[in-house]
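Novice: My structure file coords.txt, compact mmCIF, C-alpha atoms and all ligand atoms, is below:
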```txt
# COMPACT_ATOMS: atom_id res chain seq x y z
CA MET A 1 19.01 17.65 -8.27
CA VAL A 2 20.58 14.27 -7.76
CA GLY A 3 21.04 12.18 -4.75
CA GLY A 4 20.91 11.91 -1.06
CA TYR A 5 17.20 11.87 -0.41
CA ARG A 6 16.47 10.62 3.05
CA LEU A 7 13.46 8.40 3.38
CA HIS A 8 11.98 6.88 6.52
CA VAL A 9 10.70 3.50 5.44
CA ASN A 10 9.32 0.76 7.66
CA GLY A 11 10.91 2.33 10.72
CA ARG A 12 14.36 2.72 9.19
CA ARG A 13 16.12 5.73 7.79
CA GLN A 14 17.33 5.12 4.27
CA VAL A 15 19.16 7.23 1.74
CA VAL A 16 18.37 6.91 -1.94
CA ASP A 17 20.68 8.38 -4.54
CA VAL A 18 18.16 9.27 -7.23
CA PRO A 19 16.77 12.45 -8.77
CA GLY A 20 14.12 14.09 -6.61
CA ASP A 21 11.42 13.63 -9.20
CA THR A 22 11.87 9.86 -9.18
CA PRO A 23 8.56 8.17 -8.36
CA LEU A 24 8.64 6.84 -4.82
CA LEU A 25 7.59 3.42 -6.15
CA TRP A 26 10.79 3.20 -8.17
CA ALA A 27 12.90 4.06 -5.13
CA LEU A 28 11.11 1.54 -2.96
CA ARG A 29 11.36 -1.28 -5.45
CA ASP A 30 14.61 -0.64 -7.30
CA GLU A 31 16.74 1.16 -4.72
CA LEU A 32 15.51 -0.38 -1.47
CA GLY A 33 14.44 -3.80 -2.72
CA LEU A 34 10.94 -3.49 -1.31
CA THR A 35 8.98 -5.27 -4.01
CA GLY A 36 5.75 -5.68 -2.03
CA PRO A 37 4.27 -2.53 -3.58
CA LYS A 38 3.48 -3.56 -7.15
CA TYR A 39 3.68 -1.64 -10.39
CA GLY A 40 0.37 -1.83 -12.20
CA CYS A 41 -0.47 1.37 -14.05
CA GLY A 42 2.08 3.95 -12.92
CA VAL A 43 -0.53 6.72 -12.98
CA GLY A 44 -2.32 6.28 -9.67
CA ALA A 45 -5.28 4.46 -11.14
CA CYS A 46 -5.03 0.79 -10.15
CA GLY A 47 -3.97 0.69 -6.49
CA ALA A 48 -1.40 -2.09 -6.86
CA CYS A 49 1.32 0.08 -5.31
CA VAL A 50 -0.65 1.40 -2.32
CA SER A 51 1.51 1.93 0.74
CA LEU A 52 1.13 4.21 3.74
CA VAL A 53 2.54 7.71 3.84
CA ASP A 54 2.15 9.17 7.32
CA GLY A 55 -0.41 6.48 8.02
CA ALA A 56 -2.71 7.22 5.10
CA ALA A 57 -3.13 5.13 1.97
CA ALA A 58 -1.00 6.63 -0.79
CA ARG A 59 0.05 5.68 -4.30
CA PRO A 60 3.83 5.80 -4.53
CA CYS A 61 3.80 5.64 -8.32
CA VAL A 62 2.53 9.23 -8.33
CA ARG A 63 4.51 10.56 -5.35
CA THR A 64 8.07 11.72 -5.78
CA VAL A 65 11.02 10.93 -3.60
CA ALA A 66 11.53 14.64 -2.86
CA ASP A 67 7.88 14.99 -1.85
CA CYS A 68 8.15 12.12 0.62
CA GLU A 69 11.42 13.03 2.29
CA ARG A 70 9.88 14.15 5.57
CA THR A 71 7.22 11.48 5.78
CA ARG A 72 6.94 8.08 7.35
CA ILE A 73 6.46 5.44 4.72
CA THR A 74 5.17 1.95 5.39
CA THR A 75 5.11 -0.73 2.74
CA ILE A 76 3.52 -4.12 3.18
CA GLU A 77 6.93 -5.37 4.31
CA GLY A 78 6.57 -3.05 7.30
CA ILE A 79 3.50 -4.71 8.77
CA GLN A 80 3.67 -8.10 10.37
CA ASP A 81 0.92 -10.37 11.63
CA HIS A 82 -1.57 -7.55 11.21
CA PRO A 83 -5.26 -8.46 11.71
CA VAL A 84 -5.86 -7.61 8.05
CA GLN A 85 -3.18 -10.07 6.95
CA ARG A 86 -4.59 -12.76 9.24
CA ALA A 87 -8.10 -12.22 7.85
CA TRP A 88 -6.72 -12.39 4.31
CA LEU A 89 -5.17 -15.77 5.05
CA GLU A 90 -8.21 -17.10 6.92
CA LEU A 91 -10.51 -16.26 4.03
CA ASP A 92 -8.01 -17.28 1.34
CA VAL A 93 -8.57 -13.97 -0.44
CA ALA A 94 -5.80 -13.94 -3.02
CA GLN A 95 -6.06 -15.54 -6.41
CA CYS A 96 -3.08 -14.46 -8.54
CA GLY A 97 -2.05 -12.14 -5.71
CA TYR A 98 -0.61 -9.27 -7.70
CA CYS A 99 -2.95 -6.55 -6.45
CA GLN A 100 -3.23 -7.89 -2.92
CA PRO A 101 -0.47 -5.85 -1.22
CA GLY A 102 -2.25 -2.70 -2.36
CA GLN A 103 -5.62 -4.04 -1.27
CA ILE A 104 -4.24 -5.00 2.14
CA MET A 105 -2.51 -1.67 2.73
CA THR A 106 -5.66 0.19 1.73
CA ALA A 107 -7.59 -1.91 4.25
CA VAL A 108 -4.95 -1.27 6.93
CA ALA A 109 -5.28 2.48 6.38
CA LEU A 110 -9.07 2.27 6.48
CA LEU A 111 -9.17 0.35 9.75
CA ALA A 112 -6.66 2.72 11.35
CA ARG A 113 -9.02 5.57 10.52
CA VAL A 114 -12.35 3.77 10.92
CA PRO A 115 -12.02 0.72 13.21
CA ASP A 116 -15.55 -0.56 12.55
CA PRO A 117 -16.37 0.46 8.99
CA THR A 118 -19.74 -0.01 7.35
CA ASP A 119 -20.01 -1.98 4.14
CA ALA A 120 -20.37 1.34 2.32
CA GLN A 121 -17.18 2.68 3.88
CA ILE A 122 -15.31 -0.49 2.94
CA ALA A 123 -16.58 -0.26 -0.63
CA GLU A 124 -15.65 3.42 -0.85
CA ALA A 125 -12.14 2.89 0.55
CA LEU A 126 -11.39 0.07 -1.88
CA ARG A 127 -13.26 1.53 -4.85
CA ASP A 128 -10.13 2.36 -6.84
CA ASN A 129 -8.18 -0.82 -6.10
CA VAL A 130 -8.48 -3.00 -9.15
CA CYS A 131 -8.42 -6.81 -8.96
CA ARG A 132 -8.48 -8.49 -12.34
CA CYS A 133 -9.22 -11.86 -10.72
CA GLY A 134 -12.37 -10.37 -9.20
CA THR A 135 -11.67 -11.26 -5.58
CA TYR A 136 -13.76 -8.29 -4.43
CA PRO A 137 -16.31 -10.28 -2.36
CA ARG A 138 -13.51 -12.01 -0.41
CA ILE A 139 -11.65 -8.74 0.04
CA ARG A 140 -14.71 -7.09 1.55
CA ALA A 141 -15.38 -10.11 3.77
CA ALA A 142 -11.77 -10.07 4.99
CA VAL A 143 -11.95 -6.38 5.88
CA ARG A 144 -15.11 -7.10 7.90
CA ARG A 145 -13.34 -10.06 9.57
CA ALA A 146 -10.30 -7.92 10.43
CA ALA A 147 -12.59 -5.34 12.04
CA GLU A 148 -14.17 -7.90 14.39
FE1 LIG B 1 0.35 2.92 -8.57
FE2 LIG B 1 -1.31 1.68 -10.31
S1 LIG B 1 0.85 1.39 -10.01
S2 LIG B 1 -1.82 3.09 -8.72
```
Could I get this structure in the form of structure tokens?
Ligand code: FES
Specialist:
Amino acid sequence: MVGGYRLHVNGRRQVVDVPGDTPLLWALRDELGLTGPKYGCGVGACGACVSLVDGAAARPCVRTVADCERTRITTIEGIQDHPVQRAWLELDVAQCGYCQPGQIMTAVALLARVPDPTDAQIAEALRDNVCRCGTYPRIRAAVRRAAE
């Protein structure tokens, strides 16, 4: 089936004219111009694309447009001046930056669910978010800072 999938993204209703089995990441980036979610692996393994679907961390490279039609999607463009973003800036977390939107959105989802996470909970939540620059210690410190 082609066309007319209604998505609710960052508080706005949008229509994307793509086949229903199109990966949500493609629709976000190529149809809606939301390039914050990054393409890393395309198979749900790296975490670069993490965005929120109904408030939970999700990997839009392995979700389809049809599957997400009745959900609320939030990309990193949809959060502004969030405590996680402030902590990221304060601790100068990013190096190359490519994976950071996914790291940040994973942290946002964690803190929405667990406002005062333990180090073990932080490590578990971010376990499958890969950072080739190895910024993991700063990422964990920033999540702790955001939870303060
Ligand atoms: Fe989605 Fe890697 S691009 S998890």
Novice: Output the neighbourhood of ligand LIG 1 (chain B) as an NGL selection string, that is, all protein and nucleic acid residues with some atom at most 8 Å from the ligand, counting all atoms listed in the file.
Specialist: :A and (25 or 38-50 or 59-62 or 129)
Novice: Using only C-alpha atoms, please write the residues we just selected to a file, as a CSV table (one decimal), in the frame of the given file.
Specialist:
```
chain,number,residue,atom,x,y,z
A,25,LEU,CA,7.6,3.4,-6.2
A,38,LYS,CA,3.5,-3.6,-7.2
A,39,TYR,CA,3.7,-1.6,-10.4
A,40,GLY,CA,0.4,-1.8,-12.2
A,41,CYS,CA,-0.5,1.4,-14.0
A,42,GLY,CA,2.1,4.0,-12.9
A,43,VAL,CA,-0.5,6.7,-13.0
A,44,GLY,CA,-2.3,6.3,-9.7
A,45,ALA,CA,-5.3,4.5,-11.1
A,46,CYS,CA,-5.0,0.8,-10.2
A,47,GLY,CA,-4.0,0.7,-6.5
A,48,ALA,CA,-1.4,-2.1,-6.9
A,49,CYS,CA,1.3,0.1,-5.3
A,50,VAL,CA,-0.6,1.4,-2.3
A,59,ARG,CA,0.0,5.7,-4.3
A,60,PRO,CA,3.8,5.8,-4.5
A,61,CYS,CA,3.8,5.6,-8.3
A,62,VAL,CA,2.5,9.2,-8.3
A,129,ASN,CA,-8.2,-0.8,-6.1
```
Novice: Using Å and a single decimal, report how far CA of Ala109 in chain A sits from CA of Gly134 in chain A.
Specialist: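 Separation between CA of Gly134 in chain A and CA of Ala109 in chain A: 21.4 Å.
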Novice: To one decimal place, how far is CA of Ala94 in chain A from CA of Asp81 in chain A in Å?
Specialist: 16.5 Å
Novice: So how many Å separate CA of Val18 in chain A and CA of Cys99 in chain A, to one decimal?
Specialist: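 According to the coordinates, CA of Val18 in chain A and CA of Cys99 in chain A are separated by 26.4 Å.
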Novice: Env of His8 in chain A: 8 Å cut, atoms = only C-alpha atoms, seq-sep filter 6 positions within chain, self excluded. Answer as a ChimeraX atom specification.
Specialist: /A:14,69-73
Novice: Point out the residue among A:Gly102, A:Pro137, A:Leu89, A:Arg144 with the least atom-to-atom distance to Pro115 in chain A, counting only C-alpha atoms.
Specialist: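 Looking only at the distances to Pro115 in chain A, the closest residue turns out to be A:Arg144.
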Novice: Between A:Val130, A:Val143, A:Gly33, A:Pro19, which is the closest to Pro117 in chain A once you count only C-alpha atoms?
Specialist: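 For Pro117 in chain A, the nearest of the given residues is A:Val143.
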Novice: For Trp88 in chain A, which residue among A:Gln103, A:Leu7, A:Trp26, A:Gly55 is the nearest when counting all atoms listed in the file?
Specialist: A:Gln103
Novice: When you count only C-alpha atoms, which of these residues is closest to Arg127 in chain A: A:Ile76, A:Cys96, A:Arg140, A:Arg13?
Specialist: A:Arg140
Novice: Using only C-alpha atoms, pick whichever of A:Thr106, A:Gly36, A:Val93, A:Arg138 has the shortest atom-to-atom distance to Glu124 in chain A.
Specialist: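 For Glu124 in chain A, the nearest of the candidates is A:Thr106.
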Novice: Starting from the point (5.9, 2.0, 7.9), work out which residues of protein, DNA or RNA have an atom no more than 7 Å away when counting all atoms listed in the file; state them as number ranges by chain.
Specialist: A: 9-11, 52, 72-75, 78
Novice: For Asp17 in chain A, which residue among A:Asp30, A:Asp128, A:Asp116, A:Asp54 is the nearest when counting all atoms listed in the file?
Specialist: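 Distance minimum relative to Asp17 in chain A lands on A:Asp30.
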Novice: Residues near Asp67 in chain A, anyone? I mean within 9 Å using all atoms listed in the file, not counting same-chain ones fewer than 4 positions away, as a VMD selection string.
Specialist: chain A and resid 20 to 21 24 63 71
